[in-house]
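A short write-up of the structure that comes next.
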Amino acid sequence: MDFKRLMAQLTRGLAPSPIRKLVPLMRQPGMVSLGGGYPNAKTFAFESMEVIGSAARLPEIAGSATLIVLDDAHPESWTNPDFPPWSGGFYMSTGSFNFYPSVPVTLGRPFIFAVRDSVTGAVLFLGQVLDPTVETLRPPQGAPAEGEVSLELLPSLGAGVRGGLSYLETFPYGCTEQTVSAFLPNAVSYRLYKQLGSDDAALKASLERSLASGLQRLNALQNLDGGWGWWEGDESQPYLSAYVAQGLGEAVKAGYGVDLAVLDRGLAYLKGALERDADQGQRLPLPTRLNTRAYILFVLGELGQPDRGRAVALYEQRPQLDTYARAYLLMALKGLGDDERARALAADLTGGAIMRPADAHWEEARADYWTMSSDTRTTALALQALVRADPANVLVPNAVRYLVGLRDHGHWRTTQETAVTLMALSEYVAQSGELAGDYSYRVALDGKSLAEGSVGRESLERPIDLVVSLADLAQGAAGKLSIQRQAAAGQSGAGRLYYTLRMRGYQDAASVQPLDQGVGVRREYALVDTATLSPTGELTTQAGLGEVVQVRLTLSVPESMPYFMVEDMLPAGLEPLDTSLKTTSAAARDPSIAEAGEQPSWWYFGRTEVRDNRVALFATDLPRGTYVYSYLARAVTPGRFQTLPATAMRTYAPEVFGRSAGALFTVTGP
């Protein structure tokens, strides 16, 4: 039926509403709408707008800017000859922004249309950087050959998940957290992918490998009270115990057999911890106890044993929760069907995000070391919570971009960050349609192609790694690295291409200087009397083949540090003496640690691992003080060896660390 005949002549002469043209833009992933009353003027203090072009950046125009639609990659929603140029003239009245026509400014693409928050300085954007993306490479001064530029392309987030799973599975140590992290995200990924119809054989094989050893080890690590500590013999900790229970529960969901008696004892311990205020007499601060309570309630809900009363009661205490705990509580309440409270917590998370032009993340106001908290993990948990409660939230794709940008060699800084981030990304992948990617890509350096190809179902989960030596970059000039994603003939163009670009320089290990970023570390080698294997105290940088030296590490710890780790890599010509072996001389002394000065010796390091190339030690809770750790090593291979520094750090907050100087060590022949 033709309705035009029913319209008045004036009505028939009107042009289509610009708002009708704006709606498809507002629905694009990653968009922030500036029309229709949002963002709310009461919470978003409008200061200025700016348009950023691919070749130039316009000056800020206070109170106004121009919206230009030029991109031809999305013709169904972007390119329209009838779309009028609209811009600025923004004003705030009754809490909304209003559009007024203005003189357009023409820019080449790609572009970002940005708004700056005058209160926080954050930048929100309408639009996204589209193909091609160009990065400028400026090699550092100095020896150009000693370094490289590495580019990792992820055809989908599924490829990023695979790299992190491999890192966790092959991590060299095995405390309770690391044992669970080796299989927990793997189990989550396998279950979600299977629900999508992707029964991946490689993912399944990896999960079965990590479960075979992991479940056995967790059974051995469980304490008599049903809980788990960080290492064998450690007092049970509610947060770590909840992490184990979550891992066992996900293994069950993935279809694997778990000793249910072990899980039942763990759940009984967690319920008891809720009764005891999740403190266990450890004198933890109230926020840490409340954070732990939120996590326990989340885990109980995931395992089909929710506690509505305690979850609602904790909701009333939410101002005292850290951001990551609010994310856990949000997911617990969402699982209970309490949508009203879940929406309130989602709004709280949204309001606390730190927005930048291309991404978003969250930062905690304090460090909760006892729960292994970090800003990266908090961002991952906020993402996971929003994916469950508000998947259309603009922060979701922005948080994904932020997390992907932090990956280094396929993983994040710690096992805890990596495991939690992988679980969040897996849930995002399951509902985002990322596994339907179908496009082509091309990477070029100064116009010369480095890689190009097609991405389809069979290649979505294979990362693309490229390395360029700094020597190959033009000295004294900036190189242009371009990354392009487009739809070739017969391709839909669906999917996203993520990339991480890093430039690294290298130096000889022997020239590395000591660094104190919260922990002081000094390493010395001392001669040993060959007859008694007793250290003489004389320092040395060489030993004869077959001789024994003492390695002495001095640690200066200015404050108490939970989850502390020390790792000393030996010169390739030395091998530590493992006094637990029957082949070791009875005269060899066990490794020892003591507080320097007149204080008595204490064995704060409850776990020591002696490997053929390193010695590592771990302390669940290390009081402040100065410690001297020593062990013996034998010279087994002649040569002159570069020696990496000894390092010490908070395991789950590696920004608090220290290192010794590097060294040269010589083993002389007979």
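Ligands are numbered from 1 in the order shown, residues from 1 within each chain, and chains are lettered A, B, ... in the order they appear in the structure tokens.
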
Go through range 176-298 of chain A and collect every residue that DSSP, computed from the backbone, puts in helix (DSSP H, G or I); the answer should be as a ChimeraX atom specification. /A:176-181,184-195,201-221,238-253,260-275,286-298

Once you count only C-alpha atoms, what closest atom pair and distance in Å to one decimal does each residue of range 177-287 of chain A within 12 Å of range 318-333 of chain A have, with rows by chain and rising residue number, as a tab-separated table?
residue	atom	partner	partner_atom	distance
A:Tyr239	CA	A:Ala325	CA	11.7
A:Pro285	CA	A:Gln320	CA	11.1
A:Leu286	CA	A:Gln320	CA	8.4
A:Pro287	CA	A:Leu321	CA	6.0

Could you turn the residues from that selection into a file that holds all heavy atoms, as a PDB file, in the first residue's frame?
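What ended up in selection_17.pdb:
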ATOM      1  N   TYR A 239      40.471 -18.371  49.726  1.00  0.00           N
ATOM      2  CA  TYR A 239      40.452 -17.954  48.318  1.00  0.00           C
ATOM      3  C   TYR A 239      41.059 -19.025  47.422  1.00  0.00           C
ATOM      4  O   TYR A 239      40.494 -19.383  46.378  1.00  0.00           O
ATOM      5  CB  TYR A 239      41.199 -16.627  48.140  1.00  0.00           C
ATOM      6  CG  TYR A 239      40.845 -15.935  46.842  1.00  0.00           C
ATOM      7  CD1 TYR A 239      39.849 -14.965  46.801  1.00  0.00           C
ATOM      8  CD2 TYR A 239      41.470 -16.276  45.649  1.00  0.00           C
ATOM      9  CE1 TYR A 239      39.500 -14.344  45.612  1.00  0.00           C
ATOM     10  CE2 TYR A 239      41.123 -15.665  44.455  1.00  0.00           C
ATOM     11  CZ  TYR A 239      40.134 -14.699  44.442  1.00  0.00           C
ATOM     12  OH  TYR A 239      39.784 -14.099  43.253  1.00  0.00           O
ATOM     13  N   PRO A 285      42.668  -8.053  56.295  1.00  0.00           N
ATOM     14  CA  PRO A 285      41.825  -6.853  56.382  1.00  0.00           C
ATOM     15  C   PRO A 285      40.404  -7.152  55.930  1.00  0.00           C
ATOM     16  O   PRO A 285      40.160  -8.084  55.147  1.00  0.00           O
ATOM     17  CB  PRO A 285      42.525  -5.864  55.438  1.00  0.00           C
ATOM     18  CG  PRO A 285      43.370  -6.703  54.539  1.00  0.00           C
ATOM     19  CD  PRO A 285      43.778  -7.897  55.341  1.00  0.00           C
ATOM     20  N   LEU A 286      39.453  -6.370  56.419  1.00  0.00           N
ATOM     21  CA  LEU A 286      38.040  -6.600  56.118  1.00  0.00           C
ATOM     22  C   LEU A 286      37.756  -6.627  54.614  1.00  0.00           C
ATOM     23  O   LEU A 286      37.043  -7.521  54.143  1.00  0.00           O
ATOM     24  CB  LEU A 286      37.172  -5.543  56.804  1.00  0.00           C
ATOM     25  CG  LEU A 286      35.667  -5.636  56.517  1.00  0.00           C
ATOM     26  CD1 LEU A 286      35.115  -6.970  57.000  1.00  0.00           C
ATOM     27  CD2 LEU A 286      34.927  -4.465  57.162  1.00  0.00           C
ATOM     28  N   PRO A 287      38.275  -5.687  53.800  1.00  0.00           N
ATOM     29  CA  PRO A 287      37.988  -5.761  52.362  1.00  0.00           C
ATOM     30  C   PRO A 287      38.436  -7.083  51.738  1.00  0.00           C
ATOM     31  O   PRO A 287      37.737  -7.630  50.880  1.00  0.00           O
ATOM     32  CB  PRO A 287      38.766  -4.569  51.781  1.00  0.00           C
ATOM     33  CG  PRO A 287      38.872  -3.603  52.908  1.00  0.00           C
ATOM     34  CD  PRO A 287      39.035  -4.450  54.128  1.00  0.00           C
TER      35      PRO A 287
END

Pick the closest to Gly437 in chain A from A:Arg485, A:Arg407, A:Arg614, A:Lys480: which is it, counting only C-alpha atoms?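 Of A:Arg485, A:Arg407, A:Arg614, A:Lys480, the one nearest Gly437 in chain A, counting only C-alpha atoms, is A:Arg485.
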
Skip Asp307 in chain A itself and residues of its chain fewer than 5 positions away, then list as a list of chain:residue names all residues within 8 Å of it, counting only C-alpha atoms. A:Leu297, A:Leu300, A:Gly301

Write out as a PyMOL selection string each polymer residue whose atoms come within 6 Å of range 358-362 of chain A, counting only C-alpha atoms; drop sequence neighbours fewer than 5 positions from it. chain A and resi 353+379+398-399+401-402

Which polymer residues have any atom within 8 Å of an atom of Leu314 in chain A, counting only C-alpha atoms, with same-chain residues fewer than 4 positions away left out, as a tab-separated table (two decimals) with C-alpha atoms, in the first residue's frame?
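Full text of result26.tsv as output:
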chain	number	residue	atom	x	y	z
A	290	LEU	CA	34.64	-9.52	51.87
A	294	ALA	CA	32.18	-12.70	47.00
A	310	ARG	CA	24.53	-14.27	51.85
A	318	ARG	CA	29.24	-3.60	48.01

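The list of residues with at least one atom within 7 Å of Gly537 in chain A, based on only C-alpha atoms and without residues fewer than 2 positions apart in the same chain, reads Ala526, Leu527, Pro535 and Leu539 of chain A.
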
Write out as a PDB file with N, CA, C and O atoms, in the first residue's frame which residues come within 12 Å of Gln484 in chain A when counting only C-alpha atoms, dropping same-chain ones fewer than 2 positions away.
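Contents of part.pdb, as written:
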ATOM      1  N   ALA A  73      33.689   0.135   4.010  1.00  0.00           N
ATOM      2  CA  ALA A  73      33.755  -1.262   4.436  1.00  0.00           C
ATOM      3  C   ALA A  73      32.405  -1.756   4.953  1.00  0.00           C
ATOM      4  O   ALA A  73      32.161  -2.942   5.033  1.00  0.00           O
ATOM      5  N   PRO A 110      41.311   6.054   7.915  1.00  0.00           N
ATOM      6  CA  PRO A 110      40.314   5.881   8.972  1.00  0.00           C
ATOM      7  C   PRO A 110      40.223   7.089   9.893  1.00  0.00           C
ATOM      8  O   PRO A 110      41.095   7.942   9.878  1.00  0.00           O
ATOM      9  N   VAL A 129      39.047   2.550  14.383  1.00  0.00           N
ATOM     10  CA  VAL A 129      40.093   2.605  13.381  1.00  0.00           C
ATOM     11  C   VAL A 129      39.886   1.456  12.410  1.00  0.00           C
ATOM     12  O   VAL A 129      39.861   0.301  12.812  1.00  0.00           O
ATOM     13  N   LEU A 130      39.714   1.770  11.150  1.00  0.00           N
ATOM     14  CA  LEU A 130      39.430   0.760  10.142  1.00  0.00           C
ATOM     15  C   LEU A 130      40.629   0.580   9.234  1.00  0.00           C
ATOM     16  O   LEU A 130      41.598   1.320   9.286  1.00  0.00           O
ATOM     17  N   ASP A 131      40.566  -0.424   8.381  1.00  0.00           N
ATOM     18  CA  ASP A 131      41.696  -0.771   7.528  1.00  0.00           C
ATOM     19  C   ASP A 131      42.027   0.368   6.559  1.00  0.00           C
ATOM     20  O   ASP A 131      41.134   1.011   6.035  1.00  0.00           O
ATOM     21  N   PRO A 132      43.306   0.536   6.244  1.00  0.00           N
ATOM     22  CA  PRO A 132      44.453  -0.122   6.874  1.00  0.00           C
ATOM     23  C   PRO A 132      44.904   0.603   8.134  1.00  0.00           C
ATOM     24  O   PRO A 132      44.649   1.783   8.290  1.00  0.00           O
ATOM     25  N   THR A 133      45.559  -0.119   9.029  1.00  0.00           N
ATOM     26  CA  THR A 133      46.169   0.458  10.219  1.00  0.00           C
ATOM     27  C   THR A 133      47.661   0.615   9.968  1.00  0.00           C
ATOM     28  O   THR A 133      48.302  -0.294   9.442  1.00  0.00           O
ATOM     29  N   VAL A 134      48.212   1.752  10.319  1.00  0.00           N
ATOM     30  CA  VAL A 134      49.632   2.023  10.081  1.00  0.00           C
ATOM     31  C   VAL A 134      50.317   2.314  11.408  1.00  0.00           C
ATOM     32  O   VAL A 134      49.852   3.157  12.181  1.00  0.00           O
ATOM     33  N   GLU A 135      51.402   1.603  11.695  1.00  0.00           N
ATOM     34  CA  GLU A 135      52.219   1.836  12.882  1.00  0.00           C
ATOM     35  C   GLU A 135      53.582   2.363  12.443  1.00  0.00           C
ATOM     36  O   GLU A 135      54.147   1.900  11.448  1.00  0.00           O
ATOM     37  N   LEU A 153      49.723 -11.561  14.957  1.00  0.00           N
ATOM     38  CA  LEU A 153      48.374 -11.368  14.442  1.00  0.00           C
ATOM     39  C   LEU A 153      47.490 -12.497  14.947  1.00  0.00           C
ATOM     40  O   LEU A 153      47.865 -13.669  14.880  1.00  0.00           O
ATOM     41  N   TYR A 439      37.916 -13.431   5.947  1.00  0.00           N
ATOM     42  CA  TYR A 439      38.492 -12.225   5.354  1.00  0.00           C
ATOM     43  C   TYR A 439      39.924 -12.500   4.906  1.00  0.00           C
ATOM     44  O   TYR A 439      40.466 -13.589   5.122  1.00  0.00           O
ATOM     45  N   SER A 440      40.551 -11.491   4.293  1.00  0.00           N
ATOM     46  CA  SER A 440      41.952 -11.567   3.876  1.00  0.00           C
ATOM     47  C   SER A 440      42.745 -10.502   4.612  1.00  0.00           C
ATOM     48  O   SER A 440      42.185  -9.502   5.082  1.00  0.00           O
ATOM     49  N   TYR A 441      44.054 -10.703   4.727  1.00  0.00           N
ATOM     50  CA  TYR A 441      44.904  -9.739   5.404  1.00  0.00           C
ATOM     51  C   TYR A 441      46.205  -9.561   4.625  1.00  0.00           C
ATOM     52  O   TYR A 441      46.603 -10.415   3.821  1.00  0.00           O
ATOM     53  N   ARG A 442      46.854  -8.443   4.909  1.00  0.00           N
ATOM     54  CA  ARG A 442      48.165  -8.160   4.309  1.00  0.00           C
ATOM     55  C   ARG A 442      48.960  -7.292   5.272  1.00  0.00           C
ATOM     56  O   ARG A 442      48.426  -6.329   5.837  1.00  0.00           O
ATOM     57  N   VAL A 443      50.223  -7.647   5.482  1.00  0.00           N
ATOM     58  CA  VAL A 443      51.129  -6.876   6.328  1.00  0.00           C
ATOM     59  C   VAL A 443      52.310  -6.430   5.462  1.00  0.00           C
ATOM     60  O   VAL A 443      52.898  -7.254   4.748  1.00  0.00           O
ATOM     61  N   ALA A 444      52.646  -5.146   5.517  1.00  0.00           N
ATOM     62  CA  ALA A 444      53.742  -4.629   4.700  1.00  0.00           C
ATOM     63  C   ALA A 444      54.589  -3.670   5.522  1.00  0.00           C
ATOM     64  O   ALA A 444      54.078  -2.950   6.391  1.00  0.00           O
ATOM     65  N   LEU A 445      55.874  -3.662   5.270  1.00  0.00           N
ATOM     66  CA  LEU A 445      56.818  -2.736   5.901  1.00  0.00           C
ATOM     67  C   LEU A 445      57.394  -1.850   4.817  1.00  0.00           C
ATOM     68  O   LEU A 445      58.064  -2.340   3.892  1.00  0.00           O
ATOM     69  N   SER A 449      55.749  -6.307   1.123  1.00  0.00           N
ATOM     70  CA  SER A 449      54.887  -7.275   1.787  1.00  0.00           C
ATOM     71  C   SER A 449      55.685  -8.200   2.698  1.00  0.00           C
ATOM     72  O   SER A 449      56.714  -8.757   2.309  1.00  0.00           O
ATOM     73  N   LEU A 450      55.205  -8.363   3.934  1.00  0.00           N
ATOM     74  CA  LEU A 450      55.802  -9.310   4.877  1.00  0.00           C
ATOM     75  C   LEU A 450      54.977 -10.583   4.983  1.00  0.00           C
ATOM     76  O   LEU A 450      55.519 -11.665   5.186  1.00  0.00           O
ATOM     77  N   ALA A 451      53.676 -10.451   4.870  1.00  0.00           N
ATOM     78  CA  ALA A 451      52.797 -11.617   4.958  1.00  0.00           C
ATOM     79  C   ALA A 451      51.432 -11.235   4.425  1.00  0.00           C
ATOM     80  O   ALA A 451      50.988 -10.090   4.550  1.00  0.00           O
ATOM     81  N   GLU A 452      50.772 -12.186   3.809  1.00  0.00           N
ATOM     82  CA  GLU A 452      49.403 -11.989   3.364  1.00  0.00           C
ATOM     83  C   GLU A 452      48.739 -13.351   3.224  1.00  0.00           C
ATOM     84  O   GLU A 452      49.408 -14.373   3.064  1.00  0.00           O
ATOM     85  N   GLY A 453      47.441 -13.361   3.337  1.00  0.00           N
ATOM     86  CA  GLY A 453      46.734 -14.627   3.241  1.00  0.00           C
ATOM     87  C   GLY A 453      45.263 -14.460   3.545  1.00  0.00           C
ATOM     88  O   GLY A 453      44.760 -13.340   3.680  1.00  0.00           O
ATOM     89  N   SER A 454      44.593 -15.584   3.650  1.00  0.00           N
ATOM     90  CA  SER A 454      43.159 -15.603   3.921  1.00  0.00           C
ATOM     91  C   SER A 454      42.898 -16.257   5.269  1.00  0.00           C
ATOM     92  O   SER A 454      43.641 -17.138   5.702  1.00  0.00           O
ATOM     93  N   LEU A 481      54.760   0.372   9.160  1.00  0.00           N
ATOM     94  CA  LEU A 481      54.219  -0.977   9.125  1.00  0.00           C
ATOM     95  C   LEU A 481      52.711  -0.870   8.951  1.00  0.00           C
ATOM     96  O   LEU A 481      52.025  -0.286   9.790  1.00  0.00           O
ATOM     97  N   SER A 482      52.191  -1.418   7.863  1.00  0.00           N
ATOM     98  CA  SER A 482      50.754  -1.344   7.602  1.00  0.00           C
ATOM     99  C   SER A 482      50.125  -2.723   7.746  1.00  0.00           C
ATOM    100  O   SER A 482      50.703  -3.735   7.343  1.00  0.00           O
ATOM    101  N   GLN A 486      40.584  -7.028   4.879  1.00  0.00           N
ATOM    102  CA  GLN A 486      39.532  -6.695   3.937  1.00  0.00           C
ATOM    103  C   GLN A 486      38.867  -7.967   3.427  1.00  0.00           C
ATOM    104  O   GLN A 486      39.382  -9.073   3.612  1.00  0.00           O
ATOM    105  N   ALA A 487      37.735  -7.801   2.773  1.00  0.00           N
ATOM    106  CA  ALA A 487      37.012  -8.918   2.183  1.00  0.00           C
ATOM    107  C   ALA A 487      37.421  -9.062   0.725  1.00  0.00           C
ATOM    108  O   ALA A 487      37.238  -8.136  -0.070  1.00  0.00           O
ATOM    109  N   ALA A 488      37.996 -10.196   0.375  1.00  0.00           N
ATOM    110  CA  ALA A 488      38.321 -10.490  -1.014  1.00  0.00           C
ATOM    111  C   ALA A 488      37.090 -11.063  -1.703  1.00  0.00           C
ATOM    112  O   ALA A 488      36.039 -11.259  -1.085  1.00  0.00           O
ATOM    113  N   ARG A 496      37.307 -10.300  13.109  1.00  0.00           N
ATOM    114  CA  ARG A 496      38.233  -9.237  13.505  1.00  0.00           C
ATOM    115  C   ARG A 496      39.657  -9.751  13.466  1.00  0.00           C
ATOM    116  O   ARG A 496      39.903 -10.949  13.616  1.00  0.00           O
ATOM    117  N   LEU A 497      40.573  -8.834  13.268  1.00  0.00           N
ATOM    118  CA  LEU A 497      41.999  -9.160  13.260  1.00  0.00           C
ATOM    119  C   LEU A 497      42.658  -8.357  14.370  1.00  0.00           C
ATOM    120  O   LEU A 497      42.640  -7.129  14.352  1.00  0.00           O
ATOM    121  N   TYR A 498      43.232  -9.057  15.352  1.00  0.00           N
ATOM    122  CA  TYR A 498      43.920  -8.408  16.465  1.00  0.00           C
ATOM    123  C   TYR A 498      45.422  -8.481  16.227  1.00  0.00           C
ATOM    124  O   TYR A 498      45.923  -9.425  15.623  1.00  0.00           O
ATOM    125  N   TYR A 499      46.131  -7.497  16.729  1.00  0.00           N
ATOM    126  CA  TYR A 499      47.584  -7.561  16.593  1.00  0.00           C
ATOM    127  C   TYR A 499      48.256  -6.982  17.823  1.00  0.00           C
ATOM    128  O   TYR A 499      47.725  -6.110  18.507  1.00  0.00           O
TER     129      TYR A 499
END

Residue with the minimum atom-to-atom distance to Gly433 in chain A, picked from A:Gly158, A:Thr536, A:Val528, A:Ser166 with only C-alpha atoms counted, is A:Gly158

Rank nothing, just name the residue among A:Ala212, A:Val252, A:Leu137, A:Leu224 nearest to Ala187 in chain A, using only C-alpha atoms. A:Val252

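Relative to CA of Asn186 in chain A, CA of Asn291 in chain A is found at 25.1 Å.
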